[in-house]
Amino acid sequence: MPIHLTALTDPDRGANDYRLAWLASDEAGAPVGSAFLRVFTREGQDHLAELDIQVHPAERRRGTGSRLLEAAAGAAADLGRRAVVAQAGDGTPGDLFLRARGLRRVLALTYARLPLKQVDTAALTAVIEEPHPGYRLESWDGTVPEPLAHTFAASRRAMDDMPMDDTDYGTMVWDVDRVRSVARSVADRGELLHTVAAVDESDGSIAGFTELVVPGDRLGDAQHYGTGVLPEHRGHGLARWMKAASILRAREHHPDLAGLLADTADSNTYMRRINDAFGYEPTHRSFEYQLDL
């Protein structure tokens, strides 16, 4: 079946990335698939692009996905990117397609959910009240308060050594403008960004943080964005402490929320142990694939 590709450009170019798109149609002009290539422009990741390919189930195994992959990979190479990454659920058609097309499986992720109605609030309170000498907890909704803005941006390097296995993910470079931009993006979607941070009382700097994004209607499931502790502050139980505070706040301030979602690299055994201890239940797995250009 002849496939026609139409190249498109997303008019909304962000400060850190932009998207290219391709629409695949059959000889009658009916759409049968699409590809979106997110091209990163931010410092530390400007070697990378992220690909999402979708083909209508009735149109699979007819070469549409291969044509879309070829177009996107060619565009990424022309733009000087050295790697393209794509994600697919374990055992899904996308998983099988990416493997068959020679992409490397570079990262395994386990998704888990915490049903909030089953949370033991007394146990969470006990964790929060455990002494952590030299540290205190701070929290805020939305944009980081001005007095903590610079130290919060500096604390983002806590994620630099987050387990990514063989993924050529690069290193995100953070400053105050960028952390504010992320908060604005969440707000623009109508969602609430809640952050809990551990503060070093000796100098007032942030030693670690955990972020949670709550749906605008405060219903359904909220999504954990990331939890990180700076290397020099590890070994004090700060991640467990912060996450307990985040869970309890979600339970108390958003009583209609159903659950909290987390995705964690299989190799991140420390965070997975924390999630398991709090009652997060695995739901599914996915894999990150990489095409080296």
# chains A, B, ... in the order shown; residues from 1 in each chain; ligands from 1
>>> residues_around(residues="Gly89 in chain A", least_positions_apart="2", cutoff="7 Å", atoms="only C-alpha atoms", output="mmCIF file with N, CA and C atoms, in the first residue's frame")
data_model
loop_
_atom_site.group_PDB
_atom_site.id
_atom_site.type_symbol
_atom_site.label_atom_id
_atom_site.label_comp_id
_atom_site.auth_asym_id
_atom_site.auth_seq_id
_atom_site.Cartn_x
_atom_site.Cartn_y
_atom_site.Cartn_z
ATOM 1 N N GLY A 91 5.984 -5.585 26.003
ATOM 2 C CA GLY A 91 5.157 -6.515 25.248
ATOM 3 C C GLY A 91 4.153 -5.887 24.313
ATOM 4 N N THR A 92 4.140 -4.563 24.199
ATOM 5 C CA THR A 92 3.197 -3.891 23.306
ATOM 6 C C THR A 92 3.711 -3.946 21.864
ATOM 7 N N ASP A 95 6.836 -1.948 21.536
ATOM 8 C CA ASP A 95 8.011 -2.637 22.057
ATOM 9 C C ASP A 95 8.591 -3.567 20.996
ATOM 10 N N ARG A 285 5.269 -2.191 33.232
ATOM 11 C CA ARG A 285 6.650 -1.816 32.943
ATOM 12 C C ARG A 285 6.732 -1.247 31.530
ATOM 13 N N SER A 286 7.764 -0.453 31.306
ATOM 14 C CA SER A 286 8.045 0.030 29.956
ATOM 15 C C SER A 286 9.551 0.059 29.749
ATOM 16 N N PHE A 287 9.937 0.224 28.499
ATOM 17 C CA PHE A 287 11.347 0.245 28.158
ATOM 18 C C PHE A 287 11.673 1.497 27.350
#
>>> select_by_dssp(residues="range 67-235 of chain A", states="alpha helix (DSSP H)", output="number ranges by chain")
A: 67-78, 93-100, 121-129, 149-155, 176-188
>>> write_last_selection(atoms="N, CA and C atoms", output="CSV table (one decimal), in the first residue's frame")
chain,number,residue,atom,x,y,z
A,67,ARG,N,8.5,3.8,7.7
A,67,ARG,CA,8.6,5.0,7.0
A,67,ARG,C,8.7,6.2,7.9
A,68,LEU,N,7.8,6.2,8.9
A,68,LEU,CA,7.9,7.3,9.9
A,68,LEU,C,9.2,7.3,10.7
A,69,LEU,N,9.7,6.2,11.1
A,69,LEU,CA,10.9,6.1,11.8
A,69,LEU,C,12.1,6.6,10.9
A,70,GLU,N,12.1,6.2,9.7
A,70,GLU,CA,13.1,6.7,8.7
A,70,GLU,C,13.1,8.2,8.6
A,71,ALA,N,11.9,8.8,8.5
A,71,ALA,CA,11.8,10.2,8.3
A,71,ALA,C,12.3,10.9,9.5
A,72,ALA,N,11.9,10.5,10.7
A,72,ALA,CA,12.2,11.1,11.9
A,72,ALA,C,13.7,11.0,12.2
A,73,ALA,N,14.3,9.8,12.0
A,73,ALA,CA,15.7,9.6,12.2
A,73,ALA,C,16.5,10.4,11.3
A,74,GLY,N,16.1,10.5,10.1
A,74,GLY,CA,16.8,11.4,9.1
A,74,GLY,C,16.8,12.8,9.5
A,75,ALA,N,15.7,13.3,10.0
A,75,ALA,CA,15.6,14.7,10.4
A,75,ALA,C,16.5,15.0,11.6
A,76,ALA,N,16.5,14.0,12.6
A,76,ALA,CA,17.3,14.2,13.8
A,76,ALA,C,18.8,14.2,13.4
A,77,ALA,N,19.2,13.3,12.4
A,77,ALA,CA,20.6,13.3,12.0
A,77,ALA,C,20.9,14.7,11.3
A,78,ASP,N,20.0,15.2,10.5
A,78,ASP,CA,20.3,16.4,9.8
A,78,ASP,C,20.4,17.6,10.8
A,93,PRO,N,2.8,-3.6,20.9
A,93,PRO,CA,3.3,-3.6,19.5
A,93,PRO,C,4.5,-2.6,19.3
A,94,GLY,N,4.5,-1.5,20.1
A,94,GLY,CA,5.6,-0.6,20.0
A,94,GLY,C,6.9,-1.2,20.5
A,95,ASP,N,6.8,-1.9,21.5
A,95,ASP,CA,8.0,-2.6,22.1
A,95,ASP,C,8.6,-3.6,21.0
A,96,LEU,N,7.7,-4.3,20.4
A,96,LEU,CA,8.2,-5.3,19.4
A,96,LEU,C,8.7,-4.6,18.1
A,97,PHE,N,8.1,-3.5,17.7
A,97,PHE,CA,8.5,-2.7,16.6
A,97,PHE,C,9.9,-2.1,16.8
A,98,LEU,N,10.1,-1.5,17.9
A,98,LEU,CA,11.4,-0.8,18.1
A,98,LEU,C,12.5,-1.8,18.2
A,99,ARG,N,12.3,-2.9,18.8
A,99,ARG,CA,13.3,-4.0,18.8
A,99,ARG,C,13.6,-4.5,17.4
A,100,ALA,N,12.5,-4.7,16.6
A,100,ALA,CA,12.7,-5.2,15.3
A,100,ALA,C,13.5,-4.3,14.4
A,121,THR,N,-2.0,6.9,57.6
A,121,THR,CA,-1.6,8.3,57.9
A,121,THR,C,-0.8,8.3,59.2
A,122,ALA,N,-1.1,7.5,60.2
A,122,ALA,CA,-0.3,7.5,61.4
A,122,ALA,C,1.1,7.0,61.2
A,123,ALA,N,1.3,6.1,60.3
A,123,ALA,CA,2.7,5.6,60.0
A,123,ALA,C,3.4,6.7,59.3
A,124,LEU,N,2.7,7.4,58.3
A,124,LEU,CA,3.4,8.5,57.6
A,124,LEU,C,3.8,9.6,58.6
A,125,THR,N,2.9,10.0,59.5
A,125,THR,CA,3.2,11.0,60.5
A,125,THR,C,4.4,10.6,61.4
A,126,ALA,N,4.5,9.3,61.7
A,126,ALA,CA,5.6,8.8,62.5
A,126,ALA,C,6.9,9.0,61.7
A,127,VAL,N,6.9,8.7,60.4
A,127,VAL,CA,8.1,8.9,59.6
A,127,VAL,C,8.5,10.4,59.6
A,128,ILE,N,7.5,11.3,59.4
A,128,ILE,CA,7.8,12.7,59.3
A,128,ILE,C,8.3,13.2,60.6
A,129,GLU,N,7.9,12.7,61.7
A,129,GLU,CA,8.3,13.2,63.0
A,129,GLU,C,9.6,12.6,63.5
A,149,ALA,N,14.8,30.4,45.8
A,149,ALA,CA,14.8,30.2,44.3
A,149,ALA,C,16.2,29.7,43.9
A,150,HIS,N,17.3,30.4,44.3
A,150,HIS,CA,18.6,30.1,43.8
A,150,HIS,C,19.1,28.8,44.4
A,151,THR,N,18.8,28.5,45.6
A,151,THR,CA,19.3,27.2,46.2
A,151,THR,C,18.5,26.1,45.7
A,152,PHE,N,17.2,26.3,45.3
A,152,PHE,CA,16.4,25.2,44.7
A,152,PHE,C,17.0,24.9,43.3
A,153,ALA,N,17.3,25.9,42.5
A,153,ALA,CA,17.9,25.7,41.2
A,153,ALA,C,19.2,24.9,41.4
A,154,ALA,N,20.0,25.3,42.3
A,154,ALA,CA,21.3,24.6,42.5
A,154,ALA,C,21.1,23.1,43.0
A,155,SER,N,20.0,22.9,43.7
A,155,SER,CA,19.8,21.5,44.2
A,155,SER,C,19.4,20.6,43.1
A,176,VAL,N,17.5,29.6,37.8
A,176,VAL,CA,16.2,30.0,38.4
A,176,VAL,C,15.1,30.2,37.4
A,177,ASP,N,15.5,30.7,36.2
A,177,ASP,CA,14.5,30.9,35.1
A,177,ASP,C,13.9,29.6,34.7
A,178,ARG,N,14.7,28.6,34.7
A,178,ARG,CA,14.2,27.3,34.2
A,178,ARG,C,13.2,26.7,35.3
A,179,VAL,N,13.6,26.7,36.6
A,179,VAL,CA,12.7,26.1,37.5
A,179,VAL,C,11.3,26.9,37.6
A,180,ARG,N,11.4,28.2,37.3
A,180,ARG,CA,10.2,29.0,37.3
A,180,ARG,C,9.4,28.6,36.0
A,181,SER,N,10.1,28.4,34.9
A,181,SER,CA,9.4,28.0,33.7
A,181,SER,C,8.7,26.7,33.8
A,182,VAL,N,9.3,25.7,34.5
A,182,VAL,CA,8.6,24.4,34.7
A,182,VAL,C,7.3,24.6,35.5
A,183,ALA,N,7.4,25.4,36.6
A,183,ALA,CA,6.2,25.7,37.4
A,183,ALA,C,5.1,26.4,36.6
A,184,ARG,N,5.5,27.3,35.7
A,184,ARG,CA,4.5,28.0,34.9
A,184,ARG,C,3.9,27.0,33.9
A,185,SER,N,4.7,26.1,33.4
A,185,SER,CA,4.1,25.2,32.4
A,185,SER,C,3.1,24.3,33.1
A,186,VAL,N,3.3,23.9,34.3
A,186,VAL,CA,2.3,23.0,35.0
A,186,VAL,C,1.1,23.9,35.3
A,187,ALA,N,1.3,25.1,35.7
A,187,ALA,CA,0.1,26.0,36.0
A,187,ALA,C,-0.7,26.2,34.7
A,188,ASP,N,0.0,26.4,33.6
A,188,ASP,CA,-0.7,26.7,32.4
A,188,ASP,C,-1.6,25.5,31.9
>>> atom_distance(atom1="CA of Leu193 in chain A", atom2="CA of Tyr225 in chain A")
9.2 Å
>>> closest_residue(among="A:Gln290, A:Thr6, A:Asn275, A:Ser139", to="Ser34 in chain A", atoms="only C-alpha atoms")
A:Thr6
>>> residues_around(residues="Asp263 in chain A", least_positions_apart="5", cutoff="10 Å", atoms="only C-alpha atoms", output="list of chain:residue names")
A:Leu109, A:Thr110, A:Tyr111, A:Ala112, A:Arg113, A:Gln223, A:His224, A:Tyr225, A:Gly226, A:Arg272, A:Pro282, A:Thr283, A:His284, A:Arg285, A:Ser286
>>> write_last_selection(atoms="N, CA, C and O atoms", output="compact mmCIF listing (two decimals), in the first residue's frame")
# COMPACT_ATOMS: atom_id res chain seq x y z
N LEU A 109 11.77 0.60 33.11
CA LEU A 109 11.05 1.40 34.09
C LEU A 109 9.89 0.60 34.66
O LEU A 109 9.17 -0.07 33.90
N THR A 110 9.71 0.68 35.96
CA THR A 110 8.55 0.09 36.61
C THR A 110 7.62 1.20 37.07
O THR A 110 8.05 2.15 37.73
N TYR A 111 6.35 1.09 36.69
CA TYR A 111 5.33 2.07 37.09
C TYR A 111 4.58 1.50 38.30
O TYR A 111 4.27 0.30 38.34
N ALA A 112 4.29 2.37 39.24
CA ALA A 112 3.61 1.93 40.46
C ALA A 112 2.59 2.97 40.88
O ALA A 112 2.70 4.15 40.53
N ARG A 113 1.62 2.52 41.66
CA ARG A 113 0.54 3.40 42.11
C ARG A 113 0.29 3.18 43.59
O ARG A 113 0.26 2.05 44.08
N GLN A 223 0.80 12.72 39.92
CA GLN A 223 2.01 12.13 39.36
C GLN A 223 3.26 12.68 40.06
O GLN A 223 3.45 13.89 40.12
N HIS A 224 4.10 11.77 40.58
CA HIS A 224 5.40 12.19 41.10
C HIS A 224 6.29 12.59 39.93
O HIS A 224 6.39 11.87 38.94
N TYR A 225 6.94 13.75 40.06
CA TYR A 225 7.84 14.21 39.00
C TYR A 225 9.28 13.81 39.25
O TYR A 225 10.00 13.50 38.33
N GLY A 226 9.72 13.85 40.48
CA GLY A 226 11.11 13.50 40.74
C GLY A 226 11.44 13.70 42.21
O GLY A 226 10.87 14.55 42.89
N ARG A 272 13.03 2.47 44.73
CA ARG A 272 12.01 1.42 44.65
C ARG A 272 11.73 0.84 46.04
O ARG A 272 10.57 0.51 46.36
N PRO A 282 3.11 -2.07 41.95
CA PRO A 282 3.49 -2.06 40.52
C PRO A 282 2.28 -2.29 39.63
O PRO A 282 1.43 -3.13 39.92
N THR A 283 2.21 -1.52 38.55
CA THR A 283 1.09 -1.64 37.61
C THR A 283 1.54 -2.16 36.25
O THR A 283 0.85 -2.96 35.63
N HIS A 284 2.68 -1.70 35.76
CA HIS A 284 3.19 -2.16 34.47
C HIS A 284 4.64 -1.72 34.32
O HIS A 284 5.17 -0.97 35.14
N ARG A 285 5.27 -2.19 33.23
CA ARG A 285 6.65 -1.82 32.94
C ARG A 285 6.73 -1.25 31.53
O ARG A 285 5.90 -1.53 30.68
N SER A 286 7.76 -0.45 31.31
CA SER A 286 8.04 0.03 29.96
C SER A 286 9.55 0.06 29.75
O SER A 286 10.32 -0.06 30.71
>>> closest_residue(among="A:Lys243, A:Arg38, A:His132, A:His4", to="Ser25 in chain A", atoms="only C-alpha atoms")
A:His4
>>> select_by_dssp(residues="range 38-131 of chain A", states="strand (DSSP E)", output="PyMOL selection string")
chain A and resi 38-40+48-55+83-89+104-115
>>> write_last_selection(atoms="N, CA, C and O atoms", output="CSV table (one decimal), in the first residue's frame")
chain,number,residue,atom,x,y,z
A,38,ARG,N,10.5,15.2,19.3
A,38,ARG,CA,10.8,16.3,20.2
A,38,ARG,C,12.3,16.6,20.2
A,38,ARG,O,13.1,15.7,20.6
A,39,VAL,N,12.7,17.8,19.7
A,39,VAL,CA,14.1,18.1,19.5
A,39,VAL,C,14.5,19.0,20.7
A,39,VAL,O,14.0,20.1,20.8
A,40,PHE,N,15.4,18.5,21.5
A,40,PHE,CA,15.8,19.3,22.7
A,40,PHE,C,16.8,20.3,22.3
A,40,PHE,O,17.8,20.0,21.5
A,48,LEU,N,20.1,15.4,21.7
A,48,LEU,CA,19.1,14.4,21.9
A,48,LEU,C,17.8,14.8,21.3
A,48,LEU,O,17.4,15.9,21.2
A,49,ALA,N,17.0,13.8,20.8
A,49,ALA,CA,15.6,13.9,20.4
A,49,ALA,C,14.8,12.8,20.9
A,49,ALA,O,15.4,11.7,21.1
A,50,GLU,N,13.5,13.0,21.0
A,50,GLU,CA,12.6,12.0,21.6
A,50,GLU,C,11.5,11.7,20.6
A,50,GLU,O,10.9,12.7,20.1
A,51,LEU,N,11.3,10.5,20.3
A,51,LEU,CA,10.3,10.1,19.2
A,51,LEU,C,9.1,9.3,19.8
A,51,LEU,O,9.2,8.5,20.7
A,52,ASP,N,8.0,9.7,19.2
A,52,ASP,CA,6.7,9.0,19.5
A,52,ASP,C,6.1,8.6,18.2
A,52,ASP,O,5.7,9.5,17.4
A,53,ILE,N,5.9,7.3,17.9
A,53,ILE,CA,5.3,6.9,16.6
A,53,ILE,C,4.0,6.2,17.0
A,53,ILE,O,3.9,5.3,17.9
A,54,GLN,N,2.9,6.5,16.2
A,54,GLN,CA,1.6,5.8,16.4
A,54,GLN,C,1.1,5.4,15.1
A,54,GLN,O,1.1,6.2,14.1
A,55,VAL,N,0.7,4.2,14.9
A,55,VAL,CA,0.1,3.6,13.7
A,55,VAL,C,-1.2,3.0,14.1
A,55,VAL,O,-1.3,2.2,15.1
A,83,ALA,N,21.5,11.0,19.1
A,83,ALA,CA,20.7,9.9,19.6
A,83,ALA,C,19.3,10.3,19.6
A,83,ALA,O,18.9,11.5,19.8
A,84,VAL,N,18.4,9.3,19.3
A,84,VAL,CA,17.0,9.4,19.4
A,84,VAL,C,16.5,8.4,20.4
A,84,VAL,O,16.8,7.2,20.3
A,85,VAL,N,15.6,8.8,21.3
A,85,VAL,CA,15.1,7.8,22.3
A,85,VAL,C,13.6,7.7,22.1
A,85,VAL,O,12.9,8.6,21.6
A,86,ALA,N,13.0,6.5,22.4
A,86,ALA,CA,11.6,6.3,22.3
A,86,ALA,C,11.2,5.3,23.4
A,86,ALA,O,12.0,4.5,23.8
A,87,GLN,N,10.0,5.4,23.9
A,87,GLN,CA,9.5,4.5,25.0
A,87,GLN,C,8.3,3.7,24.5
A,87,GLN,O,7.5,4.2,23.8
A,88,ALA,N,8.3,2.5,25.0
A,88,ALA,CA,7.2,1.6,24.7
A,88,ALA,C,6.9,0.7,25.9
A,88,ALA,O,7.8,0.3,26.6
A,89,GLY,N,5.6,0.3,26.1
A,89,GLY,CA,5.2,-0.6,27.2
A,89,GLY,C,5.7,-2.0,26.9
A,89,GLY,O,5.8,-2.4,25.7
A,104,ARG,N,18.3,0.0,20.5
A,104,ARG,CA,18.8,-0.6,21.7
A,104,ARG,C,17.9,-0.4,22.9
A,104,ARG,O,17.5,0.8,23.1
A,105,ARG,N,17.6,-1.4,23.6
A,105,ARG,CA,16.9,-1.3,24.9
A,105,ARG,C,17.9,-0.8,25.9
A,105,ARG,O,18.8,-1.5,26.3
A,106,VAL,N,17.7,0.4,26.4
A,106,VAL,CA,18.7,1.0,27.3
A,106,VAL,C,18.2,1.3,28.7
A,106,VAL,O,19.1,1.6,29.6
A,107,LEU,N,16.9,1.2,29.0
A,107,LEU,CA,16.4,1.4,30.3
A,107,LEU,C,15.1,0.7,30.5
A,107,LEU,O,14.3,0.7,29.6
A,108,ALA,N,15.0,0.1,31.7
A,108,ALA,CA,13.7,-0.5,32.1
A,108,ALA,C,13.1,0.3,33.2
A,108,ALA,O,13.7,0.7,34.2
A,109,LEU,N,11.8,0.6,33.1
A,109,LEU,CA,11.1,1.4,34.1
A,109,LEU,C,9.9,0.6,34.7
A,109,LEU,O,9.2,-0.1,33.9
A,110,THR,N,9.7,0.7,36.0
A,110,THR,CA,8.5,0.1,36.6
A,110,THR,C,7.6,1.2,37.1
A,110,THR,O,8.1,2.1,37.7
A,111,TYR,N,6.3,1.1,36.7
A,111,TYR,CA,5.3,2.1,37.1
A,111,TYR,C,4.6,1.5,38.3
A,111,TYR,O,4.3,0.3,38.3
A,112,ALA,N,4.3,2.4,39.2
A,112,ALA,CA,3.6,1.9,40.5
A,112,ALA,C,2.6,3.0,40.9
A,112,ALA,O,2.7,4.2,40.5
A,113,ARG,N,1.6,2.5,41.7
A,113,ARG,CA,0.5,3.4,42.1
A,113,ARG,C,0.3,3.2,43.6
A,113,ARG,O,0.3,2.0,44.1
A,114,LEU,N,0.1,4.3,44.3
A,114,LEU,CA,-0.3,4.2,45.7
A,114,LEU,C,-1.7,4.6,45.9
A,114,LEU,O,-2.1,5.8,45.7
A,115,PRO,N,-2.6,3.7,46.2
A,115,PRO,CA,-4.0,4.0,46.5
A,115,PRO,C,-4.1,4.9,47.8
A,115,PRO,O,-3.8,4.4,48.9
>>> closest_residue(among="A:Arg136, A:Arg273, A:Arg157, A:Lys117", to="Leu230 in chain A", atoms="only C-alpha atoms")
A:Arg157
